[in-house]
>>> print(open('protein_3.pdb').read())   # PDB, C-alpha atoms, pLDDT in the B column
ATOM      1  CA  MET A   7     -85.735 -17.371  42.473  1.00 49.00           C
ATOM      2  CA  GLN A   8     -83.349 -14.436  43.048  1.00 54.00           C
ATOM      3  CA  LYS A   9     -80.628 -16.220  41.062  1.00 59.00           C
ATOM      4  CA  LEU A  10     -82.744 -16.470  37.936  1.00 61.00           C
ATOM      5  CA  PRO A  11     -82.195 -12.892  36.639  1.00 80.00           C
ATOM      6  CA  ALA A  12     -78.438 -13.228  37.114  1.00 77.00           C
ATOM      7  CA  GLN A  13     -78.437 -16.550  35.272  1.00 82.00           C
ATOM      8  CA  GLN A  14     -80.489 -15.076  32.464  1.00 85.00           C
ATOM      9  CA  LYS A  15     -78.145 -12.108  32.229  1.00 86.00           C
ATOM     10  CA  ARG A  16     -75.130 -14.402  32.083  1.00 85.00           C
ATOM     11  CA  ALA A  17     -76.785 -16.558  29.434  1.00 88.00           C
ATOM     12  CA  PHE A  18     -77.602 -13.450  27.361  1.00 89.00           C
ATOM     13  CA  TRP A  19     -74.000 -12.199  27.407  1.00 89.00           C
ATOM     14  CA  LEU A  20     -72.629 -15.646  26.669  1.00 90.00           C
ATOM     15  CA  ARG A  21     -74.849 -15.884  23.594  1.00 92.00           C
ATOM     16  CA  GLN A  22     -73.747 -12.429  22.427  1.00 93.00           C
ATOM     17  CA  LEU A  23     -70.076 -13.156  23.014  1.00 93.00           C
ATOM     18  CA  TYR A  24     -70.221 -16.498  21.241  1.00 93.00           C
ATOM     19  CA  LEU A  25     -72.105 -14.864  18.348  1.00 94.00           C
ATOM     20  CA  TRP A  26     -69.576 -12.076  17.830  1.00 95.00           C
ATOM     21  CA  HIS A  27     -66.652 -14.398  18.508  1.00 95.00           C
ATOM     22  CA  TRP A  28     -67.553 -16.789  15.700  1.00 94.00           C
ATOM     23  CA  ILE A  29     -68.613 -14.010  13.326  1.00 94.00           C
ATOM     24  CA  SER A  30     -65.312 -12.191  13.801  1.00 94.00           C
ATOM     25  CA  SER A  31     -63.333 -15.443  13.567  1.00 93.00           C
ATOM     26  CA  ALA A  32     -65.029 -16.260  10.259  1.00 93.00           C
ATOM     27  CA  GLY A  33     -64.395 -12.743   8.962  1.00 91.00           C
ATOM     28  CA  CYS A  34     -60.681 -12.698   9.766  1.00 92.00           C
ATOM     29  CA  LEU A  35     -59.871 -16.412   9.304  1.00 93.00           C
ATOM     30  CA  VAL A  36     -58.145 -16.104   5.924  1.00 93.00           C
ATOM     31  CA  GLY A  37     -56.360 -12.925   6.998  1.00 93.00           C
ATOM     32  CA  MET A  38     -55.060 -14.536  10.200  1.00 94.00           C
ATOM     33  CA  LEU A  39     -53.789 -17.555   8.266  1.00 95.00           C
ATOM     34  CA  LEU A  40     -52.097 -15.235   5.751  1.00 94.00           C
ATOM     35  CA  PHE A  41     -50.471 -13.121   8.451  1.00 95.00           C
ATOM     36  CA  ALA A  42     -49.399 -16.181  10.455  1.00 95.00           C
ATOM     37  CA  VAL A  43     -47.704 -17.767   7.422  1.00 95.00           C
ATOM     38  CA  THR A  44     -46.092 -14.539   6.257  1.00 95.00           C
ATOM     39  CA  GLY A  45     -44.981 -13.838   9.814  1.00 95.00           C
ATOM     40  CA  LEU A  46     -42.917 -17.029   9.562  1.00 95.00           C
ATOM     41  CA  THR A  47     -41.574 -16.183   6.102  1.00 94.00           C
ATOM     42  CA  LEU A  48     -40.649 -12.646   7.140  1.00 94.00           C
ATOM     43  CA  ASN A  49     -38.984 -13.802  10.361  1.00 92.00           C
ATOM     44  CA  ASN A  50     -36.956 -16.381   8.428  1.00 92.00           C
ATOM     45  CA  ALA A  51     -36.363 -14.357   5.271  1.00 87.00           C
ATOM     46  CA  SER A  52     -32.594 -14.897   5.438  1.00 85.00           C
ATOM     47  CA  HIS A  53     -33.134 -18.674   5.152  1.00 87.00           C
ATOM     48  CA  ILE A  54     -35.485 -18.470   2.173  1.00 86.00           C
ATOM     49  CA  GLU A  55     -33.668 -18.231  -1.135  1.00 83.00           C
ATOM     50  CA  ALA A  56     -35.157 -15.786  -3.620  1.00 80.00           C
ATOM     51  CA  LYS A  57     -34.330 -15.676  -7.320  1.00 87.00           C
ATOM     52  CA  PRO A  58     -35.555 -12.391  -8.776  1.00 92.00           C
ATOM     53  CA  ILE A  59     -36.561 -12.479 -12.438  1.00 94.00           C
ATOM     54  CA  VAL A  60     -35.676  -9.287 -14.269  1.00 95.00           C
ATOM     55  CA  LYS A  61     -37.154  -8.427 -17.657  1.00 95.00           C
ATOM     56  CA  LYS A  62     -35.948  -5.465 -19.706  1.00 95.00           C
ATOM     57  CA  SER A  63     -37.386  -4.004 -22.866  1.00 94.00           C
ATOM     58  CA  THR A  64     -36.716  -0.995 -25.069  1.00 94.00           C
ATOM     59  CA  ILE A  65     -39.387   0.539 -27.268  1.00 93.00           C
ATOM     60  CA  VAL A  66     -39.916   3.807 -29.065  1.00 94.00           C
ATOM     61  CA  LEU A  67     -42.921   5.915 -28.187  1.00 93.00           C
ATOM     62  CA  PRO A  68     -45.110   6.878 -31.180  1.00 92.00           C
ATOM     63  CA  SER A  69     -44.142  10.255 -32.603  1.00 90.00           C
ATOM     64  CA  SER A  70     -47.715  11.484 -32.110  1.00 91.00           C
ATOM     65  CA  LEU A  71     -47.189  11.280 -28.353  1.00 93.00           C
ATOM     66  CA  LEU A  72     -43.800  13.001 -28.218  1.00 92.00           C
ATOM     67  CA  MET A  73     -45.327  16.466 -28.191  1.00 92.00           C
ATOM     68  CA  TYR A  74     -46.868  15.681 -24.778  1.00 92.00           C
ATOM     69  CA  LEU A  75     -43.418  14.924 -23.365  1.00 92.00           C
ATOM     70  CA  LYS A  76     -41.718  17.902 -24.973  1.00 89.00           C
ATOM     71  CA  ALA A  77     -44.151  20.282 -23.320  1.00 88.00           C
ATOM     72  CA  GLN A  78     -42.944  21.666 -20.015  1.00 80.00           C
ATOM     73  CA  PRO A  79     -44.713  19.926 -17.079  1.00 84.00           C
ATOM     74  CA  LEU A  80     -46.406  21.878 -14.310  1.00 78.00           C
ATOM     75  CA  SER A  81     -43.869  20.500 -11.816  1.00 84.00           C
ATOM     76  CA  ASN A  82     -40.870  18.204 -11.713  1.00 86.00           C
ATOM     77  CA  LYS A  83     -43.061  15.550 -10.039  1.00 90.00           C
ATOM     78  CA  ALA A  84     -46.016  15.750 -12.425  1.00 92.00           C
ATOM     79  CA  SER A  85     -47.433  12.453 -13.645  1.00 93.00           C
ATOM     80  CA  LEU A  86     -47.243  11.383 -17.272  1.00 94.00           C
ATOM     81  CA  PRO A  87     -49.741  12.993 -19.658  1.00 93.00           C
ATOM     82  CA  LEU A  88     -52.956  10.996 -19.888  1.00 94.00           C
ATOM     83  CA  ALA A  89     -52.459  10.148 -23.565  1.00 94.00           C
ATOM     84  CA  VAL A  90     -49.016   8.670 -22.848  1.00 95.00           C
ATOM     85  CA  ALA A  91     -50.277   6.742 -19.811  1.00 95.00           C
ATOM     86  CA  ASP A  92     -53.196   5.337 -21.834  1.00 95.00           C
ATOM     87  CA  TRP A  93     -50.824   4.178 -24.571  1.00 95.00           C
ATOM     88  CA  LEU A  94     -48.548   2.475 -22.041  1.00 95.00           C
ATOM     89  CA  MET A  95     -51.533   0.647 -20.548  1.00 94.00           C
ATOM     90  CA  SER A  96     -53.002  -0.497 -23.861  1.00 93.00           C
ATOM     91  CA  SER A  97     -49.713  -1.363 -25.566  1.00 91.00           C
ATOM     92  CA  MET A  98     -47.524  -2.675 -22.729  1.00 90.00           C
ATOM     93  CA  ASP A  99     -49.940  -3.301 -19.843  1.00 92.00           C
ATOM     94  CA  VAL A 100     -47.989  -0.785 -17.774  1.00 93.00           C
ATOM     95  CA  ASP A 101     -50.096   1.225 -15.323  1.00 93.00           C
ATOM     96  CA  ALA A 102     -48.340   4.579 -15.039  1.00 93.00           C
ATOM     97  CA  ALA A 103     -51.426   6.777 -14.706  1.00 91.00           C
ATOM     98  CA  ASP A 104     -51.317   9.241 -11.816  1.00 90.00           C
ATOM     99  CA  LYS A 105     -47.888   7.992 -10.755  1.00 92.00           C
ATOM    100  CA  PRO A 106     -45.424  10.775  -9.824  1.00 93.00           C
ATOM    101  CA  ALA A 107     -42.682  11.149 -12.422  1.00 94.00           C
ATOM    102  CA  GLU A 108     -39.266  12.767 -12.302  1.00 95.00           C
ATOM    103  CA  TRP A 109     -38.827  15.237 -15.163  1.00 95.00           C
ATOM    104  CA  SER A 110     -35.460  16.454 -16.372  1.00 93.00           C
ATOM    105  CA  ALA A 111     -34.427  18.215 -19.558  1.00 90.00           C
ATOM    106  CA  GLU A 112     -33.519  14.889 -21.198  1.00 93.00           C
ATOM    107  CA  GLU A 113     -35.939  12.298 -19.825  1.00 94.00           C
ATOM    108  CA  VAL A 114     -38.949  11.373 -17.755  1.00 96.00           C
ATOM    109  CA  TYR A 115     -38.416   8.691 -15.120  1.00 97.00           C
ATOM    110  CA  VAL A 116     -41.294   6.850 -13.448  1.00 97.00           C
ATOM    111  CA  SER A 117     -40.835   4.483 -10.515  1.00 96.00           C
ATOM    112  CA  LEU A 118     -43.447   1.708 -10.437  1.00 96.00           C
ATOM    113  CA  PRO A 119     -42.978  -0.245  -7.188  1.00 94.00           C
ATOM    114  CA  ARG A 120     -45.275  -3.233  -6.715  1.00 94.00           C
ATOM    115  CA  PRO A 121     -45.797  -5.996  -4.158  1.00 95.00           C
ATOM    116  CA  GLY A 122     -43.366  -8.832  -4.745  1.00 94.00           C
ATOM    117  CA  GLY A 123     -41.210  -6.848  -7.108  1.00 94.00           C
ATOM    118  CA  ASP A 124     -40.316  -3.539  -8.641  1.00 95.00           C
ATOM    119  CA  ALA A 125     -40.478  -1.737 -11.977  1.00 96.00           C
ATOM    120  CA  TRP A 126     -39.428   1.506 -13.589  1.00 97.00           C
ATOM    121  CA  LEU A 127     -39.483   3.213 -16.967  1.00 96.00           C
ATOM    122  CA  SER A 128     -37.469   6.016 -18.510  1.00 97.00           C
ATOM    123  CA  ILE A 129     -38.529   7.914 -21.633  1.00 96.00           C
ATOM    124  CA  ASN A 130     -36.228  10.171 -23.628  1.00 96.00           C
ATOM    125  CA  ARG A 131     -38.112  13.417 -24.217  1.00 94.00           C
ATOM    126  CA  GLU A 132     -36.486  14.055 -27.603  1.00 92.00           C
ATOM    127  CA  SER A 133     -36.317  10.643 -29.293  1.00 93.00           C
ATOM    128  CA  GLY A 134     -39.167   8.897 -27.475  1.00 93.00           C
ATOM    129  CA  GLU A 135     -36.941   5.891 -26.734  1.00 95.00           C
ATOM    130  CA  MET A 136     -38.216   4.151 -23.610  1.00 95.00           C
ATOM    131  CA  ASP A 137     -36.450   1.681 -21.319  1.00 96.00           C
ATOM    132  CA  TYR A 138     -38.697  -0.455 -19.159  1.00 96.00           C
ATOM    133  CA  GLU A 139     -37.550  -2.884 -16.463  1.00 97.00           C
ATOM    134  CA  ILE A 140     -39.670  -5.118 -14.244  1.00 96.00           C
ATOM    135  CA  THR A 141     -38.439  -7.337 -11.403  1.00 96.00           C
ATOM    136  CA  ASN A 142     -40.429 -10.248  -9.985  1.00 95.00           C
ATOM    137  CA  ARG A 143     -39.177 -11.669  -6.682  1.00 93.00           C
ATOM    138  CA  GLY A 144     -41.689 -14.520  -6.440  1.00 92.00           C
ATOM    139  CA  TRP A 145     -44.828 -15.432  -4.502  1.00 93.00           C
ATOM    140  CA  ILE A 146     -43.202 -15.419  -1.069  1.00 94.00           C
ATOM    141  CA  SER A 147     -42.011 -11.851  -1.570  1.00 94.00           C
ATOM    142  CA  TYR A 148     -45.465 -10.946  -2.886  1.00 95.00           C
ATOM    143  CA  LEU A 149     -47.196 -12.339   0.209  1.00 95.00           C
ATOM    144  CA  ASN A 150     -44.621 -10.696   2.495  1.00 95.00           C
ATOM    145  CA  ASP A 151     -45.397  -7.332   0.926  1.00 96.00           C
ATOM    146  CA  LEU A 152     -49.112  -7.950   1.467  1.00 95.00           C
ATOM    147  CA  HIS A 153     -48.277  -8.531   5.152  1.00 95.00           C
ATOM    148  CA  LYS A 154     -46.427  -5.200   5.313  1.00 94.00           C
ATOM    149  CA  GLY A 155     -48.884  -3.298   3.123  1.00 94.00           C
ATOM    150  CA  ARG A 156     -45.964  -2.329   0.868  1.00 93.00           C
ATOM    151  CA  ASN A 157     -47.040  -0.745  -2.407  1.00 93.00           C
ATOM    152  CA  THR A 158     -50.426  -2.461  -2.211  1.00 93.00           C
ATOM    153  CA  GLY A 159     -52.774   0.445  -2.892  1.00 90.00           C
ATOM    154  CA  THR A 160     -55.845   1.902  -1.231  1.00 92.00           C
ATOM    155  CA  ALA A 161     -58.115  -1.152  -1.444  1.00 95.00           C
ATOM    156  CA  TRP A 162     -55.640  -3.364   0.426  1.00 95.00           C
ATOM    157  CA  SER A 163     -55.086  -0.620   2.997  1.00 95.00           C
ATOM    158  CA  TRP A 164     -58.838  -0.625   3.697  1.00 95.00           C
ATOM    159  CA  PHE A 165     -58.783  -4.410   3.975  1.00 95.00           C
ATOM    160  CA  LEU A 166     -55.992  -4.210   6.552  1.00 95.00           C
ATOM    161  CA  ASP A 167     -58.037  -1.760   8.630  1.00 95.00           C
ATOM    162  CA  VAL A 168     -61.159  -3.945   8.483  1.00 94.00           C
ATOM    163  CA  PHE A 169     -59.141  -7.073   9.240  1.00 95.00           C
ATOM    164  CA  SER A 170     -57.487  -5.389  12.236  1.00 95.00           C
ATOM    165  CA  PHE A 171     -60.890  -4.384  13.596  1.00 95.00           C
ATOM    166  CA  MET A 172     -62.250  -7.937  13.171  1.00 95.00           C
ATOM    167  CA  ALA A 173     -59.156  -9.370  14.855  1.00 95.00           C
ATOM    168  CA  LEU A 174     -59.675  -6.995  17.788  1.00 96.00           C
ATOM    169  CA  VAL A 175     -63.300  -8.124  18.125  1.00 96.00           C
ATOM    170  CA  PHE A 176     -62.205 -11.762  17.965  1.00 95.00           C
ATOM    171  CA  SER A 177     -59.517 -11.258  20.626  1.00 95.00           C
ATOM    172  CA  LEU A 178     -61.623  -9.157  23.008  1.00 96.00           C
ATOM    173  CA  THR A 179     -64.658 -11.456  22.834  1.00 96.00           C
ATOM    174  CA  GLY A 180     -62.298 -14.365  23.445  1.00 94.00           C
ATOM    175  CA  LEU A 181     -60.940 -12.587  26.513  1.00 94.00           C
ATOM    176  CA  CYS A 182     -64.480 -11.984  27.790  1.00 94.00           C
ATOM    177  CA  LEU A 183     -65.342 -15.654  27.272  1.00 94.00           C
ATOM    178  CA  LEU A 184     -62.219 -16.616  29.208  1.00 93.00           C
ATOM    179  CA  TYR A 185     -63.373 -14.381  32.040  1.00 93.00           C
ATOM    180  CA  MET A 186     -66.885 -15.835  32.112  1.00 91.00           C
ATOM    181  CA  HIS A 187     -65.607 -19.435  32.156  1.00 90.00           C
ATOM    182  CA  SER A 188     -62.584 -18.848  34.390  1.00 91.00           C
ATOM    183  CA  ALA A 189     -64.409 -19.827  37.602  1.00 87.00           C
ATOM    184  CA  ASN A 190     -64.686 -23.393  36.320  1.00 88.00           C
ATOM    185  CA  ARG A 191     -61.267 -23.435  34.654  1.00 90.00           C
ATOM    186  CA  PRO A 192     -58.520 -22.657  37.199  1.00 91.00           C
ATOM    187  CA  SER A 193     -55.752 -22.713  34.602  1.00 92.00           C
ATOM    188  CA  THR A 194     -57.258 -19.827  32.618  1.00 92.00           C
ATOM    189  CA  TRP A 195     -55.450 -16.868  34.178  1.00 93.00           C
ATOM    190  CA  PRO A 196     -52.082 -18.597  34.671  1.00 93.00           C
ATOM    191  CA  LEU A 197     -52.082 -19.395  30.931  1.00 93.00           C
ATOM    192  CA  VAL A 198     -53.105 -15.846  30.058  1.00 93.00           C
ATOM    193  CA  GLY A 199     -50.369 -14.578  32.380  1.00 94.00           C
ATOM    194  CA  ILE A 200     -47.783 -16.753  30.631  1.00 94.00           C
ATOM    195  CA  GLY A 201     -48.918 -15.328  27.290  1.00 92.00           C
ATOM    196  CA  VAL A 202     -48.302 -11.815  28.639  1.00 93.00           C
ATOM    197  CA  VAL A 203     -45.076 -12.433  30.561  1.00 95.00           C
ATOM    198  CA  ILE A 204     -43.124 -14.361  27.899  1.00 95.00           C
ATOM    199  CA  PRO A 205     -43.111 -11.648  25.172  1.00 92.00           C
ATOM    200  CA  LEU A 206     -42.623  -8.958  27.835  1.00 93.00           C
ATOM    201  CA  VAL A 207     -39.551 -10.690  29.285  1.00 95.00           C
ATOM    202  CA  LEU A 208     -38.105 -11.377  25.846  1.00 93.00           C
ATOM    203  CA  ALA A 209     -38.581  -7.726  24.839  1.00 93.00           C
ATOM    204  CA  ILE A 210     -36.930  -6.433  28.036  1.00 93.00           C
ATOM    205  CA  LEU A 211     -33.997  -8.852  28.103  1.00 92.00           C
ATOM    206  CA  PHE A 212     -33.154  -9.449  24.440  1.00 91.00           C
ATOM    207  CA  ILE A 213     -34.343  -6.457  22.409  1.00 89.00           C
ATOM    208  CA  HIS A 214     -32.065  -3.421  22.653  1.00 79.00           C
TER     209      HIS A 214
END
>>> encode(input="protein_3.pdb", output="structure tokens")
Amino acid sequence: MQKLPAQQKRAFWLRQLYLWHWISSAGCLVGMLLFAVTGLTLNNASHIEAKPIVKKSTIVLPSSLLMYLKAQPLSNKASLPLAVADWLMSSMDVDAADKPAEWSAEEVYVSLPRPGGDAWLSINRESGEMDYEITNRGWISYLNDLHKGRNTGTAWSWFLDVFSFMALVFSLTGLCLLYMHSANRPSTWPLVGIGVVIPLVLAILFIH
């Protein structure tokens, strides 16, 4: 009779751990698959051939917008005027709004980095002539940049934080389940120990 409360307590925690383990695994499943695959592609990047596609175009900004560029900006890093940014978006599908620009006496230069590629535009402040170049390095480069959070924006940054939290819950509940079942599974802690020792030894001996 005295064992009953302990058994009930164990059963309660097992149910909770299993519940949060499968919830967290479902929540981070796609993310873990993505990061596992891109971990391989990043680690073997030198063996994966990439063929960047570069597109260049030259266009003249409407004269009605030139006055916005001829006006002196508040700082040398000020973003493009809203009217110019709106025109770029509607006419060329180029999102330059709120992006820091480099202003000189002759031109305005805007760097437009993006996952899986790069882009930039330069506008002559007198003539309105604009050079635009976009580079696409392919889907593998795109996914690799998602892995690194490179130029992916605020929404993806939030996703990475949520995913990391879910992965922590998944790992810690898994560790607790290992602990609760370890009495009946003698190989549990030796296998966990191997998982700890191998990366530790490799880091100490081969990473300098």
>>> residues_around(input="protein_3.pdb", residues="segment 108-125 of chain A", least_positions_apart="5", cutoff="12 Å", atoms="all atoms listed in the file", output="VMD selection string")
chain A and resid 56 to 63 72 74 to 87 90 to 91 100 to 103 130 to 159 162
>>> atom_distance(input="protein_3.pdb", atom1="atom CA of Phe169 of chain A", atom2="atom CA of Cys182 of chain A")
19.9 Å
>>> axis_aligned_box(input="protein_3.pdb", around="segment 37-42 of chain A", padding_each_side="3 Å", output="lines of an AutoDock Vina configuration file")
center_x = -52.9
center_y = -15.2
center_z = 8.1
size_x = 13.0
size_y = 10.6
size_z = 10.7
>>> residues_around(input="protein_3.pdb", residues="Trp19 of chain A", least_positions_apart="6", cutoff="10 Å", atoms="all atoms listed in the file", output="PyMOL selection string")
chain A and resi 25+182-183+186
>>> residues_around(input="protein_3.pdb", residues="segment 28-37 of chain A", least_positions_apart="4", cutoff="7 Å", atoms="only C-alpha atoms", output="short mmCIF file (atom, residue, chain, number, x, y, z; two decimals) with C-alpha atoms, keeping the file's coordinate frame")
data_model
loop_
_atom_site.label_atom_id
_atom_site.label_comp_id
_atom_site.auth_asym_id
_atom_site.auth_seq_id
_atom_site.Cartn_x
_atom_site.Cartn_y
_atom_site.Cartn_z
CA TYR A 24 -70.22 -16.50 21.24
CA PHE A 41 -50.47 -13.12 8.45
CA PHE A 169 -59.14 -7.07 9.24
CA MET A 172 -62.25 -7.94 13.17
CA ALA A 173 -59.16 -9.37 14.86
CA VAL A 175 -63.30 -8.12 18.12
CA PHE A 176 -62.20 -11.76 17.96
#
>>> atom_distance(input="protein_3.pdb", atom1="atom CA of Trp26 of chain A", atom2="atom CA of Leu178 of chain A")
9.9 Å
>>> decode(input="protein_3.pdb", residues="segment 192-210 of chain A", atoms="N, CA, C and O atoms", output="PDB file, in the first residue's frame")
ATOM      1  N   PRO A 192      19.982  -0.939 -18.900  1.00  0.00           N
ATOM      2  CA  PRO A 192      21.360  -0.721 -18.429  1.00  0.00           C
ATOM      3  C   PRO A 192      22.250   0.039 -19.409  1.00  0.00           C
ATOM      4  O   PRO A 192      23.232   0.664 -18.984  1.00  0.00           O
ATOM      5  N   SER A 193      21.927  -0.018 -20.684  1.00  0.00           N
ATOM      6  CA  SER A 193      22.791   0.641 -21.671  1.00  0.00           C
ATOM      7  C   SER A 193      22.527   2.139 -21.790  1.00  0.00           C
ATOM      8  O   SER A 193      23.243   2.834 -22.529  1.00  0.00           O
ATOM      9  N   THR A 194      21.548   2.655 -21.056  1.00  0.00           N
ATOM     10  CA  THR A 194      21.162   4.057 -21.209  1.00  0.00           C
ATOM     11  C   THR A 194      22.321   5.010 -20.970  1.00  0.00           C
ATOM     12  O   THR A 194      22.691   5.808 -21.845  1.00  0.00           O
ATOM     13  N   TRP A 195      22.917   4.958 -19.774  1.00  0.00           N
ATOM     14  CA  TRP A 195      23.946   5.941 -19.431  1.00  0.00           C
ATOM     15  C   TRP A 195      25.261   5.738 -20.161  1.00  0.00           C
ATOM     16  O   TRP A 195      25.925   6.733 -20.505  1.00  0.00           O
ATOM     17  N   PRO A 196      25.671   4.497 -20.460  1.00  0.00           N
ATOM     18  CA  PRO A 196      26.856   4.352 -21.324  1.00  0.00           C
ATOM     19  C   PRO A 196      26.668   5.010 -22.692  1.00  0.00           C
ATOM     20  O   PRO A 196      27.585   5.649 -23.202  1.00  0.00           O
ATOM     21  N   LEU A 197      25.462   4.882 -23.275  1.00  0.00           N
ATOM     22  CA  LEU A 197      25.209   5.505 -24.577  1.00  0.00           C
ATOM     23  C   LEU A 197      25.180   7.027 -24.464  1.00  0.00           C
ATOM     24  O   LEU A 197      25.722   7.734 -25.325  1.00  0.00           O
ATOM     25  N   VAL A 198      24.576   7.527 -23.384  1.00  0.00           N
ATOM     26  CA  VAL A 198      24.580   8.971 -23.163  1.00  0.00           C
ATOM     27  C   VAL A 198      26.010   9.458 -22.964  1.00  0.00           C
ATOM     28  O   VAL A 198      26.412  10.515 -23.492  1.00  0.00           O
ATOM     29  N   GLY A 199      26.799   8.693 -22.208  1.00  0.00           N
ATOM     30  CA  GLY A 199      28.198   9.054 -21.986  1.00  0.00           C
ATOM     31  C   GLY A 199      28.986   9.107 -23.283  1.00  0.00           C
ATOM     32  O   GLY A 199      29.803  10.015 -23.486  1.00  0.00           O
ATOM     33  N   ILE A 200      28.741   8.147 -24.177  1.00  0.00           N
ATOM     34  CA  ILE A 200      29.425   8.148 -25.471  1.00  0.00           C
ATOM     35  C   ILE A 200      29.053   9.402 -26.260  1.00  0.00           C
ATOM     36  O   ILE A 200      29.907  10.034 -26.888  1.00  0.00           O
ATOM     37  N   GLY A 201      27.763   9.782 -26.198  1.00  0.00           N
ATOM     38  CA  GLY A 201      27.320  10.982 -26.893  1.00  0.00           C
ATOM     39  C   GLY A 201      27.956  12.249 -26.369  1.00  0.00           C
ATOM     40  O   GLY A 201      28.074  13.249 -27.091  1.00  0.00           O
ATOM     41  N   VAL A 202      28.371  12.242 -25.092  1.00  0.00           N
ATOM     42  CA  VAL A 202      29.048  13.396 -24.501  1.00  0.00           C
ATOM     43  C   VAL A 202      30.544  13.356 -24.783  1.00  0.00           C
ATOM     44  O   VAL A 202      31.155  14.367 -25.144  1.00  0.00           O
ATOM     45  N   VAL A 203      31.149  12.190 -24.640  1.00  0.00           N
ATOM     46  CA  VAL A 203      32.605  12.060 -24.716  1.00  0.00           C
ATOM     47  C   VAL A 203      33.117  12.275 -26.136  1.00  0.00           C
ATOM     48  O   VAL A 203      34.131  12.958 -26.342  1.00  0.00           O
ATOM     49  N   ILE A 204      32.431  11.709 -27.143  1.00  0.00           N
ATOM     50  CA  ILE A 204      32.940  11.791 -28.515  1.00  0.00           C
ATOM     51  C   ILE A 204      33.130  13.231 -28.974  1.00  0.00           C
ATOM     52  O   ILE A 204      34.227  13.603 -29.417  1.00  0.00           O
ATOM     53  N   PRO A 205      32.095  14.109 -28.932  1.00  0.00           N
ATOM     54  CA  PRO A 205      32.345  15.493 -29.371  1.00  0.00           C
ATOM     55  C   PRO A 205      33.345  16.226 -28.490  1.00  0.00           C
ATOM     56  O   PRO A 205      34.101  17.081 -28.977  1.00  0.00           O
ATOM     57  N   LEU A 206      33.397  15.890 -27.189  1.00  0.00           N
ATOM     58  CA  LEU A 206      34.338  16.538 -26.288  1.00  0.00           C
ATOM     59  C   LEU A 206      35.771  16.182 -26.669  1.00  0.00           C
ATOM     60  O   LEU A 206      36.641  17.067 -26.763  1.00  0.00           O
ATOM     61  N   VAL A 207      36.024  14.909 -26.923  1.00  0.00           N
ATOM     62  CA  VAL A 207      37.367  14.462 -27.316  1.00  0.00           C
ATOM     63  C   VAL A 207      37.775  15.064 -28.647  1.00  0.00           C
ATOM     64  O   VAL A 207      38.916  15.529 -28.832  1.00  0.00           O
ATOM     65  N   LEU A 208      36.848  15.070 -29.613  1.00  0.00           N
ATOM     66  CA  LEU A 208      37.159  15.629 -30.919  1.00  0.00           C
ATOM     67  C   LEU A 208      37.488  17.112 -30.806  1.00  0.00           C
ATOM     68  O   LEU A 208      38.430  17.603 -31.469  1.00  0.00           O
ATOM     69  N   ALA A 209      36.731  17.838 -29.970  1.00  0.00           N
ATOM     70  CA  ALA A 209      36.985  19.275 -29.801  1.00  0.00           C
ATOM     71  C   ALA A 209      38.354  19.515 -29.163  1.00  0.00           C
ATOM     72  O   ALA A 209      39.078  20.428 -29.587  1.00  0.00           O
ATOM     73  N   ILE A 210      38.719  18.700 -28.171  1.00  0.00           N
ATOM     74  CA  ILE A 210      39.986  18.897 -27.461  1.00  0.00           C
ATOM     75  C   ILE A 210      41.170  18.526 -28.329  1.00  0.00           C
ATOM     76  O   ILE A 210      42.186  19.228 -28.390  1.00  0.00           O
TER      77      ILE A 210
END
